[in-house]
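data.cif (mmCIF, C-alpha atoms) appears below.
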data_protein
loop_
_atom_site.label_atom_id
_atom_site.label_comp_id
_atom_site.auth_asym_id
_atom_site.auth_seq_id
_atom_site.Cartn_x
_atom_site.Cartn_y
_atom_site.Cartn_z
CA MET A 1 -13.99 5.95 21.69
CA ASP A 2 -17.24 4.07 21.07
CA LEU A 3 -16.43 0.93 19.05
CA SER A 4 -20.02 -0.31 18.90
CA TYR A 5 -21.92 -0.44 15.62
CA SER A 6 -25.39 0.98 15.03
CA ASP A 7 -28.29 -1.01 13.62
CA ALA A 8 -27.68 0.70 10.28
CA ASP A 9 -24.04 -0.39 10.38
CA GLU A 10 -24.98 -4.00 11.12
CA ALA A 11 -27.52 -3.94 8.28
CA PHE A 12 -24.79 -2.67 5.98
CA ARG A 13 -22.45 -5.44 7.18
CA ALA A 14 -25.11 -8.02 6.29
CA GLU A 15 -25.49 -6.43 2.84
CA VAL A 16 -21.73 -6.57 2.16
CA ARG A 17 -21.37 -10.10 3.51
CA THR A 18 -24.29 -11.39 1.42
CA PHE A 19 -22.99 -9.75 -1.74
CA LEU A 20 -19.50 -11.22 -1.31
CA GLU A 21 -20.73 -14.69 -0.35
CA ASP A 22 -23.06 -14.85 -3.34
CA SER A 23 -20.49 -13.42 -5.78
CA LEU A 24 -17.63 -15.65 -4.66
CA ALA A 25 -19.78 -18.78 -4.71
CA GLY A 26 -20.26 -18.68 -8.48
CA GLU A 27 -17.97 -17.92 -11.41
CA TRP A 28 -15.49 -16.10 -9.17
CA ARG A 29 -15.05 -18.97 -6.70
CA ALA A 30 -11.58 -19.94 -7.96
CA LEU A 31 -10.22 -16.47 -7.20
CA ARG A 32 -10.64 -16.69 -3.42
CA GLY A 33 -7.39 -15.87 -1.64
CA LEU A 34 -5.39 -15.09 -4.78
CA GLY A 35 -3.06 -12.14 -5.27
CA GLY A 36 -2.04 -11.31 -1.71
CA PRO A 37 1.36 -9.95 -0.61
CA GLY A 38 4.13 -11.73 -2.48
CA ARG A 39 1.53 -13.26 -4.84
CA ASP A 40 0.57 -10.25 -6.92
CA HIS A 41 1.33 -12.19 -10.12
CA GLU A 42 -1.52 -14.64 -9.53
CA ALA A 43 -4.52 -14.57 -11.89
CA LEU A 44 -3.96 -10.94 -12.83
CA GLU A 45 -6.40 -10.81 -15.75
CA GLU A 46 -9.06 -12.67 -13.78
CA ARG A 47 -8.66 -10.37 -10.78
CA LEU A 48 -8.93 -7.35 -13.09
CA ALA A 49 -12.22 -8.75 -14.40
CA TRP A 50 -13.38 -9.27 -10.78
CA ASN A 51 -12.51 -5.66 -9.94
CA GLN A 52 -14.46 -4.43 -12.95
CA TYR A 53 -17.41 -6.54 -11.78
CA LEU A 54 -17.17 -4.84 -8.37
CA ALA A 55 -17.25 -1.49 -10.16
CA ARG A 56 -20.39 -2.39 -12.09
CA GLU A 57 -22.04 -3.44 -8.83
CA GLY A 58 -21.05 -0.18 -7.11
CA TRP A 59 -18.37 -1.58 -4.78
CA THR A 60 -15.30 0.44 -5.75
CA CYS A 61 -14.20 3.74 -4.20
CA VAL A 62 -16.73 3.25 -1.40
CA GLY A 63 -15.37 6.12 0.69
CA TRP A 64 -15.20 8.68 -2.13
CA PRO A 65 -17.84 11.44 -2.19
CA THR A 66 -20.81 10.58 -4.39
CA GLU A 67 -20.14 13.59 -6.63
CA HIS A 68 -16.87 11.92 -7.65
CA GLY A 69 -18.40 8.51 -8.34
CA GLY A 70 -18.03 6.91 -4.91
CA ARG A 71 -20.61 5.67 -2.42
CA GLY A 72 -19.85 8.33 0.21
CA LEU A 73 -19.84 5.80 3.04
CA PRO A 74 -19.17 7.06 6.57
CA LEU A 75 -15.99 5.89 8.31
CA TRP A 76 -17.43 2.93 10.20
CA GLN A 77 -19.13 1.51 7.12
CA GLN A 78 -15.88 1.84 5.18
CA VAL A 79 -14.21 -0.17 7.94
CA ILE A 80 -16.97 -2.77 7.70
CA PHE A 81 -16.54 -3.07 3.93
CA TYR A 82 -12.78 -3.63 4.06
CA GLU A 83 -13.01 -6.03 6.99
CA GLU A 84 -15.76 -8.09 5.33
CA TYR A 85 -13.83 -8.11 2.04
CA ALA A 86 -10.80 -9.55 3.84
CA ARG A 87 -12.93 -11.93 5.92
CA ALA A 88 -14.48 -13.34 2.72
CA ASN A 89 -10.94 -14.09 1.47
CA ALA A 90 -11.81 -12.16 -1.67
CA PRO A 91 -9.01 -11.78 -4.26
CA ALA A 92 -6.57 -8.92 -3.82
CA ARG A 93 -7.63 -5.88 -5.79
CA VAL A 94 -5.49 -4.63 -8.68
CA ASN A 95 -6.48 -0.95 -8.43
CA HIS A 96 -5.41 -0.14 -4.87
CA LEU A 97 -2.99 2.65 -5.85
CA GLY A 98 -5.56 4.42 -8.01
CA GLU A 99 -8.52 3.95 -5.68
CA GLU A 100 -6.85 4.49 -2.29
CA LEU A 101 -4.00 6.87 -3.13
CA LEU A 102 -4.22 8.85 -6.35
CA GLY A 103 -8.00 9.28 -6.39
CA PRO A 104 -8.25 10.85 -2.93
CA THR A 105 -5.21 12.98 -3.77
CA LEU A 106 -6.89 14.37 -6.90
CA ILE A 107 -10.08 14.99 -4.94
CA ALA A 108 -8.07 17.00 -2.39
CA PHE A 109 -5.49 18.74 -4.60
CA GLY A 110 -6.42 18.29 -8.28
CA THR A 111 -8.17 20.58 -10.72
CA ASP A 112 -11.72 20.07 -11.96
CA ALA A 113 -10.32 19.00 -15.35
CA GLN A 114 -7.99 16.45 -13.74
CA ARG A 115 -10.78 15.00 -11.64
CA ALA A 116 -13.11 14.78 -14.67
CA ARG A 117 -10.42 13.03 -16.73
CA PHE A 118 -8.98 10.54 -14.23
CA LEU A 119 -11.53 9.73 -11.53
CA PRO A 120 -14.17 7.95 -13.67
CA PRO A 121 -11.66 5.42 -15.12
CA ILE A 122 -10.41 4.68 -11.59
CA VAL A 123 -13.94 4.04 -10.35
CA ALA A 124 -14.61 1.77 -13.36
CA VAL A 125 -11.15 0.07 -13.03
CA GLU A 126 -10.39 0.94 -16.65
CA GLU A 127 -7.01 2.59 -15.94
CA LEU A 128 -4.48 1.28 -13.42
CA TRP A 129 -1.87 3.31 -11.56
CA ALA A 130 1.67 2.80 -10.26
CA GLN A 131 3.54 4.83 -7.65
CA GLY A 132 6.81 6.56 -8.62
CA TYR A 133 8.34 7.72 -5.34
CA SER A 134 11.43 5.72 -4.29
CA GLU A 135 14.77 6.00 -6.09
CA PRO A 136 18.06 4.06 -5.82
CA ASN A 137 19.70 6.82 -3.76
CA ALA A 138 16.59 8.17 -2.07
CA GLY A 139 14.61 5.21 -0.74
CA SER A 140 12.34 6.45 2.04
CA ASP A 141 14.03 9.88 1.92
CA LEU A 142 11.55 11.29 -0.56
CA ALA A 143 13.02 14.80 -0.33
CA ASN A 144 16.25 13.50 -1.91
CA VAL A 145 14.74 12.45 -5.26
CA GLN A 146 16.89 13.14 -8.30
CA THR A 147 14.42 12.42 -11.12
CA ARG A 148 14.03 15.69 -13.01
CA ALA A 149 11.36 17.21 -15.20
CA ARG A 150 11.47 20.35 -17.35
CA LEU A 151 8.94 22.11 -19.50
CA THR A 152 9.44 22.15 -23.26
CA ASP A 153 10.22 25.48 -24.88
CA ASP A 154 6.59 25.96 -25.87
CA GLY A 155 5.42 25.03 -22.34
CA SER A 156 3.11 22.28 -23.60
CA GLN A 157 4.75 19.25 -21.98
CA TRP A 158 6.97 18.08 -19.15
CA VAL A 159 10.03 16.05 -20.15
CA VAL A 160 11.02 13.53 -17.45
CA ASP A 161 14.44 11.95 -16.94
CA GLY A 162 15.52 9.71 -14.09
CA GLN A 163 14.95 6.38 -12.38
CA LYS A 164 12.43 5.06 -9.88
CA VAL A 165 12.66 1.76 -8.03
CA TRP A 166 10.31 -0.46 -6.01
CA THR A 167 7.56 0.89 -8.25
CA SER A 168 4.50 -1.17 -7.39
CA ASN A 169 2.41 -2.45 -10.31
CA ALA A 170 4.28 -0.56 -13.05
CA HIS A 171 4.46 -3.71 -15.20
CA PHE A 172 0.69 -3.79 -15.74
CA SER A 173 -0.40 -0.16 -15.17
CA GLN A 174 -1.16 2.51 -17.74
CA TRP A 175 -0.15 5.50 -15.58
CA VAL A 176 2.30 6.38 -12.83
CA PHE A 177 2.32 9.35 -10.46
CA VAL A 178 5.85 10.69 -10.13
CA VAL A 179 7.56 13.05 -7.71
CA ALA A 180 10.23 14.88 -9.74
CA ARG A 181 12.51 17.88 -9.26
CA THR A 182 11.32 20.67 -11.55
CA GLU A 183 13.35 23.63 -10.26
CA PRO A 184 17.08 23.40 -11.07
CA GLY A 185 19.28 24.01 -8.04
CA SER A 186 16.51 23.32 -5.53
CA GLU A 187 17.19 21.09 -2.54
CA ARG A 188 15.27 18.75 -0.27
CA HIS A 189 11.49 19.27 -0.39
CA GLN A 190 11.71 22.56 -2.29
CA GLY A 191 11.21 22.55 -6.05
CA LEU A 192 9.46 19.20 -6.34
CA SER A 193 6.38 18.58 -8.47
CA PHE A 194 3.78 15.82 -8.50
CA LEU A 195 3.27 14.66 -12.10
CA MET A 196 0.98 12.11 -13.75
CA VAL A 197 2.87 10.30 -16.51
CA PRO A 198 1.64 7.73 -19.07
CA LEU A 199 3.72 4.53 -19.02
CA ASP A 200 3.01 3.33 -22.56
CA GLN A 201 5.49 5.51 -24.44
CA GLU A 202 8.98 5.37 -25.97
CA GLY A 203 10.71 7.16 -23.11
CA VAL A 204 9.71 4.67 -20.40
CA GLU A 205 11.32 1.31 -19.64
CA VAL A 206 9.89 -0.98 -16.95
CA ARG A 207 12.01 -3.80 -15.49
CA PRO A 208 10.28 -6.14 -13.00
CA ILE A 209 12.26 -7.07 -9.87
CA GLU A 210 11.99 -10.74 -8.90
CA GLN A 211 11.35 -11.13 -5.16
CA LEU A 212 12.23 -13.86 -2.69
CA THR A 213 8.59 -14.91 -2.77
CA GLY A 214 8.75 -15.56 -6.52
CA GLY A 215 6.57 -12.65 -7.63
CA SER A 216 7.54 -9.35 -9.26
CA GLU A 217 5.08 -6.74 -8.06
CA PHE A 218 7.90 -4.18 -7.72
CA ASN A 219 9.76 -2.69 -10.67
CA GLU A 220 12.56 -0.41 -11.77
CA VAL A 221 11.27 2.34 -14.06
CA PHE A 222 13.62 4.37 -16.26
CA PHE A 223 12.52 7.70 -17.75
CA SER A 224 14.56 8.88 -20.76
CA GLY A 225 12.86 11.89 -22.27
CA ALA A 226 9.41 10.64 -21.28
CA VAL A 227 6.71 13.27 -21.70
CA THR A 228 3.41 14.22 -20.13
CA ASP A 229 1.11 17.18 -20.75
CA ALA A 230 1.92 20.38 -18.91
CA ASP A 231 -1.46 20.44 -17.15
CA LEU A 232 -0.91 16.99 -15.58
CA VAL A 233 0.88 18.42 -12.57
CA VAL A 234 -1.13 18.10 -9.36
CA GLY A 235 -0.98 21.26 -7.28
CA GLU A 236 1.39 24.07 -8.15
CA PRO A 237 4.69 23.27 -9.92
CA GLY A 238 7.52 23.23 -7.40
CA ARG A 239 5.11 22.63 -4.48
CA GLY A 240 4.61 18.91 -4.89
CA TRP A 241 5.96 18.04 -1.46
CA GLY A 242 2.66 18.87 0.23
CA VAL A 243 0.75 16.82 -2.35
CA ALA A 244 3.13 13.87 -1.87
CA MET A 245 2.71 14.03 1.91
CA GLY A 246 -1.05 14.23 1.54
CA LEU A 247 -1.00 11.05 -0.54
CA LEU A 248 1.05 9.24 2.12
CA GLY A 249 -1.62 10.16 4.63
CA PHE A 250 -4.25 8.47 2.44
CA GLU A 251 -1.96 5.40 2.23
CA ARG A 252 -2.49 4.80 5.94
CA GLY A 253 -6.24 5.11 5.64
CA VAL A 254 -9.21 2.92 6.40
CA SER A 255 -8.21 0.04 4.07
CA THR A 256 -5.47 -0.90 6.56
CA LEU A 257 -8.17 -2.33 8.85
CA GLY A 258 -8.85 -4.98 6.22
CA GLN A 259 -5.16 -5.82 6.39
CA VAL A 260 -5.59 -6.66 10.08
CA VAL A 261 -8.28 -9.21 9.16
CA GLY A 262 -5.78 -10.75 6.75
CA PHE A 263 -3.31 -10.97 9.62
CA GLN A 264 -5.95 -12.79 11.68
CA ARG A 265 -6.24 -15.41 8.93
CA GLU A 266 -2.46 -15.82 8.76
CA LEU A 267 -2.22 -16.20 12.53
CA ALA A 268 -4.94 -18.85 12.39
CA LEU A 269 -2.88 -20.76 9.78
CA VAL A 270 0.18 -20.70 12.04
CA CYS A 271 -1.88 -21.92 15.04
CA GLU A 272 -3.42 -24.67 12.92
CA ARG A 273 0.04 -25.87 11.82
CA ALA A 274 1.25 -25.78 15.42
CA ARG A 275 -1.64 -28.00 16.50
CA SER A 276 -1.13 -30.43 13.63
CA ASN A 277 2.61 -30.96 14.18
CA GLY A 278 2.55 -30.79 17.99
CA THR A 279 4.62 -27.63 18.45
CA ILE A 280 1.63 -26.07 20.23
CA ASP A 281 2.72 -28.17 23.23
CA ASP A 282 5.97 -26.18 23.47
CA PRO A 283 5.23 -23.56 26.17
CA VAL A 284 7.49 -20.98 24.47
CA VAL A 285 5.68 -21.34 21.14
CA ARG A 286 2.29 -21.30 22.86
CA ASP A 287 3.24 -18.13 24.75
CA ARG A 288 4.39 -16.37 21.57
CA LEU A 289 1.18 -17.30 19.76
CA ALA A 290 -0.89 -16.03 22.68
CA SER A 291 1.05 -12.75 22.67
CA LEU A 292 0.52 -12.33 18.93
CA THR A 293 -3.22 -12.90 19.42
CA VAL A 294 -3.55 -10.26 22.13
CA GLU A 295 -1.36 -7.77 20.25
CA LEU A 296 -3.46 -8.16 17.10
CA SER A 297 -6.64 -7.26 19.00
CA VAL A 298 -4.95 -4.22 20.52
CA MET A 299 -3.63 -3.25 17.07
CA ARG A 300 -7.10 -3.22 15.55
CA ASN A 301 -8.50 -1.02 18.32
CA PHE A 302 -5.56 1.35 18.02
CA GLY A 303 -6.11 1.59 14.28
CA LEU A 304 -9.78 2.42 14.79
CA ARG A 305 -8.90 5.08 17.35
CA GLY A 306 -6.38 6.63 14.97
CA LEU A 307 -8.90 6.77 12.14
CA SER A 308 -11.46 8.35 14.47
CA ALA A 309 -8.95 11.02 15.45
CA VAL A 310 -8.22 11.85 11.81
CA GLU A 311 -11.92 12.08 10.93
CA GLY A 312 -12.54 14.19 14.01
CA GLY A 313 -9.77 16.59 13.05
CA SER A 314 -7.60 16.04 16.14
CA ASP A 315 -4.78 14.27 14.28
CA SER A 316 -3.16 14.62 10.87
CA ALA A 317 -2.65 11.43 8.90
CA ALA A 318 -0.39 13.25 6.47
CA GLY A 319 1.77 14.62 9.24
CA GLY A 320 2.34 11.33 11.04
CA GLY A 321 0.92 10.74 14.49
CA ALA A 322 -1.32 7.72 14.75
CA GLY A 323 -0.65 6.65 11.15
CA SER A 324 3.10 6.40 11.72
CA ILE A 325 2.64 4.53 15.00
CA PHE A 326 0.24 2.09 13.34
CA LYS A 327 2.72 1.43 10.49
CA ILE A 328 5.51 0.64 12.96
CA VAL A 329 3.26 -1.60 15.05
CA TRP A 330 1.77 -3.74 12.28
CA ALA A 331 5.04 -4.08 10.36
CA ASN A 332 6.94 -5.40 13.37
CA TRP A 333 4.02 -7.60 14.46
CA HIS A 334 3.90 -9.19 11.01
CA GLN A 335 7.63 -9.90 11.07
CA ARG A 336 7.27 -11.59 14.44
CA LEU A 337 4.42 -13.70 13.04
CA GLY A 338 6.69 -14.87 10.23
CA GLU A 339 9.44 -15.75 12.71
CA VAL A 340 7.04 -17.75 14.89
CA ALA A 341 5.73 -19.48 11.75
CA MET A 342 9.26 -20.71 11.00
CA GLU A 343 9.64 -21.90 14.59
CA VAL A 344 6.45 -23.89 14.17
CA VAL A 345 7.47 -25.35 10.81
CA GLY A 346 11.00 -26.20 11.95
CA ARG A 347 13.57 -27.61 9.53
CA ASP A 348 10.90 -28.21 6.87
CA GLY A 349 10.78 -24.46 6.41
CA LEU A 350 14.20 -24.61 4.72
CA LEU A 351 12.82 -26.65 1.82
CA ALA A 352 10.60 -25.35 -0.97
CA ALA A 353 7.22 -27.04 -0.99
CA ASP A 354 7.69 -28.06 -4.62
CA ALA A 355 10.23 -27.67 -7.43
CA PRO A 356 11.63 -25.46 -8.69
CA TYR A 357 10.67 -22.85 -6.09
CA GLU A 358 7.14 -23.29 -4.88
CA LEU A 359 6.58 -21.84 -1.40
CA ASP A 360 3.85 -22.72 1.05
CA GLU A 361 1.83 -20.00 2.76
CA LEU A 362 3.90 -19.87 5.96
CA GLN A 363 7.18 -19.58 4.05
CA ARG A 364 5.71 -16.78 1.97
CA ILE A 365 4.54 -14.93 5.10
CA PHE A 366 8.03 -15.11 6.60
CA LEU A 367 9.88 -13.97 3.47
CA PHE A 368 7.52 -11.17 2.46
CA ALA A 369 7.28 -9.81 6.01
CA ARG A 370 11.02 -9.06 6.00
CA ALA A 371 10.19 -6.04 3.82
CA ASP A 372 7.33 -4.77 5.99
CA THR A 373 9.56 -2.45 8.04
CA ILE A 374 10.98 -0.89 4.85
CA TYR A 375 8.25 -0.36 2.27
CA GLY A 376 5.54 2.25 2.75
CA GLY A 377 7.96 4.32 4.87
CA SER A 378 10.71 2.59 6.82
CA ASP A 379 10.66 2.28 10.61
CA GLU A 380 13.50 4.80 10.85
CA VAL A 381 11.59 7.39 8.83
CA GLN A 382 8.38 6.82 10.81
CA ARG A 383 10.23 7.29 14.10
CA ASN A 384 11.80 10.51 12.82
CA ILE A 385 8.34 11.76 11.81
CA LEU A 386 7.05 11.08 15.31
CA ALA A 387 10.08 12.63 16.98
CA GLU A 388 10.31 15.78 14.88
CA ARG A 389 6.74 16.55 13.74
CA VAL A 390 4.72 15.17 16.63
CA LEU A 391 6.98 15.52 19.67
CA GLY A 392 8.87 18.58 18.42
CA LEU A 393 12.32 17.12 19.09
CA PRO A 394 15.41 18.43 17.25
CA ARG A 395 16.08 17.05 13.78
CA GLU A 396 18.35 14.05 13.53
CA PRO A 397 21.93 15.23 12.80
CA LYS A 398 23.16 14.39 9.33
CA ALA A 399 26.23 12.18 8.99
CA THR A 400 29.40 14.00 8.01
CA HIS A 401 32.55 12.57 6.48
CA ALA A 402 36.05 13.64 7.46
CA PRO A 403 38.37 14.87 4.70
CA ARG A 404 40.43 12.06 3.18
CA GLU A 405 43.69 13.34 4.63
CA ALA A 406 42.19 13.32 8.13
CA ARG A 407 41.15 9.68 7.99
CA GLY A 408 43.28 7.18 9.87
#
As structure tokens:
Amino acid sequence: MDLSYSDADEAFRAEVRTFLEDSLAGEWRALRGLGGPGRDHEALEERLAWNQYLAREGWTCVGWPTEHGGRGLPLWQQVIFYEEYARANAPARVNHLGEELLGPTLIAFGTDAQRARFLPPIVAVEELWAQGYSEPNAGSDLANVQTRARLTDDGSQWVVDGQKVWTSNAHFSQWVFVVARTEPGSERHQGLSFLMVPLDQEGVEVRPIEQLTGGSEFNEVFFSGAVTDADLVVGEPGRGWGVAMGLLGFERGVSTLGQVVGFQRELALVCERARSNGTIDDPVVRDRLASLTVELSVMRNFGLRGLSAVEGGSDSAAGGGAGSIFKIVWANWHQRLGEVAMEVVGRDGLLAADAPYELDELQRIFLFARADTIYGGSDEVQRNILAERVLGLPREPKATHAPREARG
């Protein structure tokens, strides 16, 4: 794989870098670095205004086709944009789920009417989206969802009942995309539908979940007779599994390369703390920091190779492969970074930086990273995807329970 950039790519990098430097030097200066993982509550209204400014300047949905309001950038220029955005320490975007997940899903699977209705407000950052996948008894096992939806007698609306959990951004979004069971008696991935449901209605209750990091970007969402129009099902009713898997493929797309740049900044913070408190002189700590540095470089190159394979048609992001490997690699790397950060900090890491519960950056990295191997598809699920769909190994046997009278 050729990782070099053309003259046109380098000119584009200069354009992006200049735009971000100029923009973040003025009225948006105070937003630098705000809203990252575990800090999604920070400056929400201000970050929304920043995102709408990006939209007006043509810097949202950069990889979407131009006919759908995007810039139609080729892969390498998309990588450059996300890496430069992270390198500038620009504020975390509030419209990730709409721009990176739902939008591409509608482009691939939606109707013309759905695209005309929902894509322009995503590009303009006028409507925000939440993701309704996980459930209390389903978790990463998406095929086990129990939320149900039925059509009204006149066929004009879907009526949704059930509960979702770990629903990112539901507390400030206007819409949620929901995987629900629409065929009574169906099992596993059969009979599921992918619905778009408005959140501002009587039949929806959103309860934020307070995290160890102090934020509440995840939520419980309860549907009790919530409704959505009958034509707001993406793909055919009962065949939502393929749509849901397609969306998960987009989740592991090009924006993850910007995440690697964020990891580089976090690693630099840990190294800086190690130098300032003298723990860099510990050969074990120094060795672990060196290993993390090398692994991060390898991780970026692997991510680029995986994206190239998807674009070239030799791998399927939706089916697993490189995307699943990359998720396992970065999640475990990030957890190790958090652990090394606590080694560097020492006993001071046990104390909040300020009352009542103010964390410093290294504490936040450690605590938030504990969830990395669970959210976005747990390690166990990713390994099963690789084993069964990529390597063709037999399915993992399901646990069985002995009858009560046979138990010791």
>> Selection in question (the file shown): the PyMOL selection byres ((chain A and resi 274-285) around 12). Which residues does it include, as an NGL selection string?
In response: :A and (267-273 or 286-292 or 336-337 or 339-346 or 348 or 362)
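Of the residues under consideration (A:Trp76, A:Phe109, A:Phe326, A:Phe302), A:Phe326 shows the shortest atom-to-atom contact distance to Gln382 (chain A) when counting all atoms listed in the file.
Across the structure, CA of Asp372 (chain A) and CA of Met299 (chain A) are spaced 15.7 Å apart.
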>> If we count only C-alpha atoms and set the cut-off at 12 Å, which residues sit around Arg383 (chain A), ignoring sequence neighbours fewer than 3 positions away in its own chain? Please answer as a ChimeraX atom specification.
In response: /A:320-329,373,377-380,386-391,393,395-396
>> Please list as number ranges by chain every residue within 9 Å of region 78-93 of chain A, counting only C-alpha atoms and excluding residues in the same chain fewer than 4 positions away.
In response: A: 9-10, 12-13, 16-17, 20-21, 24, 31-37, 40, 47-48, 50-51, 62-63, 73-74, 254-262, 265, 304
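The space separating CA of Leu195 (chain A) from CA of His68 (chain A) comes to 20.8 Å.
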> Interatomic distance between CA of Asn169 (chain A) and CA of Ala30 (chain A)?
Replying inline: 22.5 Å
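Applying the 7 Å criterion to (11.5, 16.3, -8.2) in file coordinates and using all atoms listed in the file, one obtains the residues Val145, Gln146, Thr147, Arg148, Val179, Ala180, Arg181, Thr182, Gly191, Leu192 and Ser193 of chain A.
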> From the list A:Val159, A:Ser168, A:Gln264, A:Gln77, which residue is nearest Ala11 (chain A) when using all atoms listed in the file?
Replying inline: A:Gln77
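Closest approach to Ile107 (chain A) from the set A:Gly235, A:Val160, A:Gln131, A:Gly225 is made by A:Gly235, with distances taken over all atoms listed in the file.
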N, CA, C and O atoms are needed for region 282-296 of chain A; please write them out as a PDB file, in the frame of the given file.
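And here's result-v8.pdb as it stands now:
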ATOM      1  N   ASP A 282       4.778 -26.891  22.977  1.00  0.00           N
ATOM      2  CA  ASP A 282       5.970 -26.180  23.470  1.00  0.00           C
ATOM      3  C   ASP A 282       5.487 -24.909  24.154  1.00  0.00           C
ATOM      4  O   ASP A 282       4.864 -24.051  23.525  1.00  0.00           O
ATOM      5  N   PRO A 283       5.757 -24.736  25.456  1.00  0.00           N
ATOM      6  CA  PRO A 283       5.230 -23.560  26.170  1.00  0.00           C
ATOM      7  C   PRO A 283       5.739 -22.243  25.605  1.00  0.00           C
ATOM      8  O   PRO A 283       5.035 -21.228  25.670  1.00  0.00           O
ATOM      9  N   VAL A 284       6.957 -22.228  25.047  1.00  0.00           N
ATOM     10  CA  VAL A 284       7.490 -20.980  24.470  1.00  0.00           C
ATOM     11  C   VAL A 284       6.697 -20.616  23.213  1.00  0.00           C
ATOM     12  O   VAL A 284       6.294 -19.456  23.023  1.00  0.00           O
ATOM     13  N   VAL A 285       6.469 -21.595  22.353  1.00  0.00           N
ATOM     14  CA  VAL A 285       5.680 -21.340  21.140  1.00  0.00           C
ATOM     15  C   VAL A 285       4.268 -20.920  21.500  1.00  0.00           C
ATOM     16  O   VAL A 285       3.717 -19.960  20.936  1.00  0.00           O
ATOM     17  N   ARG A 286       3.660 -21.620  22.452  1.00  0.00           N
ATOM     18  CA  ARG A 286       2.290 -21.300  22.860  1.00  0.00           C
ATOM     19  C   ARG A 286       2.205 -19.877  23.412  1.00  0.00           C
ATOM     20  O   ARG A 286       1.260 -19.130  23.128  1.00  0.00           O
ATOM     21  N   ASP A 287       3.224 -19.483  24.185  1.00  0.00           N
ATOM     22  CA  ASP A 287       3.240 -18.130  24.750  1.00  0.00           C
ATOM     23  C   ASP A 287       3.362 -17.081  23.651  1.00  0.00           C
ATOM     24  O   ASP A 287       2.684 -16.049  23.695  1.00  0.00           O
ATOM     25  N   ARG A 288       4.210 -17.349  22.657  1.00  0.00           N
ATOM     26  CA  ARG A 288       4.390 -16.370  21.570  1.00  0.00           C
ATOM     27  C   ARG A 288       3.118 -16.253  20.732  1.00  0.00           C
ATOM     28  O   ARG A 288       2.744 -15.156  20.307  1.00  0.00           O
ATOM     29  N   LEU A 289       2.439 -17.364  20.495  1.00  0.00           N
ATOM     30  CA  LEU A 289       1.180 -17.300  19.760  1.00  0.00           C
ATOM     31  C   LEU A 289       0.105 -16.551  20.535  1.00  0.00           C
ATOM     32  O   LEU A 289      -0.669 -15.781  19.961  1.00  0.00           O
ATOM     33  N   ALA A 290       0.074 -16.759  21.853  1.00  0.00           N
ATOM     34  CA  ALA A 290      -0.890 -16.030  22.680  1.00  0.00           C
ATOM     35  C   ALA A 290      -0.600 -14.529  22.649  1.00  0.00           C
ATOM     36  O   ALA A 290      -1.522 -13.701  22.549  1.00  0.00           O
ATOM     37  N   SER A 291       0.684 -14.175  22.718  1.00  0.00           N
ATOM     38  CA  SER A 291       1.050 -12.750  22.670  1.00  0.00           C
ATOM     39  C   SER A 291       0.651 -12.132  21.342  1.00  0.00           C
ATOM     40  O   SER A 291       0.118 -11.013  21.297  1.00  0.00           O
ATOM     41  N   LEU A 292       0.891 -12.847  20.244  1.00  0.00           N
ATOM     42  CA  LEU A 292       0.520 -12.330  18.930  1.00  0.00           C
ATOM     43  C   LEU A 292      -0.994 -12.119  18.839  1.00  0.00           C
ATOM     44  O   LEU A 292      -1.464 -11.146  18.239  1.00  0.00           O
ATOM     45  N   THR A 293      -1.756 -13.011  19.439  1.00  0.00           N
ATOM     46  CA  THR A 293      -3.220 -12.900  19.420  1.00  0.00           C
ATOM     47  C   THR A 293      -3.693 -11.648  20.153  1.00  0.00           C
ATOM     48  O   THR A 293      -4.533 -10.888  19.651  1.00  0.00           O
ATOM     49  N   VAL A 294      -3.158 -11.429  21.341  1.00  0.00           N
ATOM     50  CA  VAL A 294      -3.550 -10.260  22.130  1.00  0.00           C
ATOM     51  C   VAL A 294      -3.110  -8.980  21.421  1.00  0.00           C
ATOM     52  O   VAL A 294      -3.870  -8.002  21.321  1.00  0.00           O
ATOM     53  N   GLU A 295      -1.881  -8.964  20.916  1.00  0.00           N
ATOM     54  CA  GLU A 295      -1.360  -7.770  20.250  1.00  0.00           C
ATOM     55  C   GLU A 295      -2.189  -7.413  19.026  1.00  0.00           C
ATOM     56  O   GLU A 295      -2.414  -6.232  18.726  1.00  0.00           O
ATOM     57  N   LEU A 296      -2.670  -8.427  18.292  1.00  0.00           N
ATOM     58  CA  LEU A 296      -3.460  -8.160  17.100  1.00  0.00           C
ATOM     59  C   LEU A 296      -4.783  -7.480  17.458  1.00  0.00           C
ATOM     60  O   LEU A 296      -5.238  -6.565  16.766  1.00  0.00           O
TER      61      LEU A 296
END
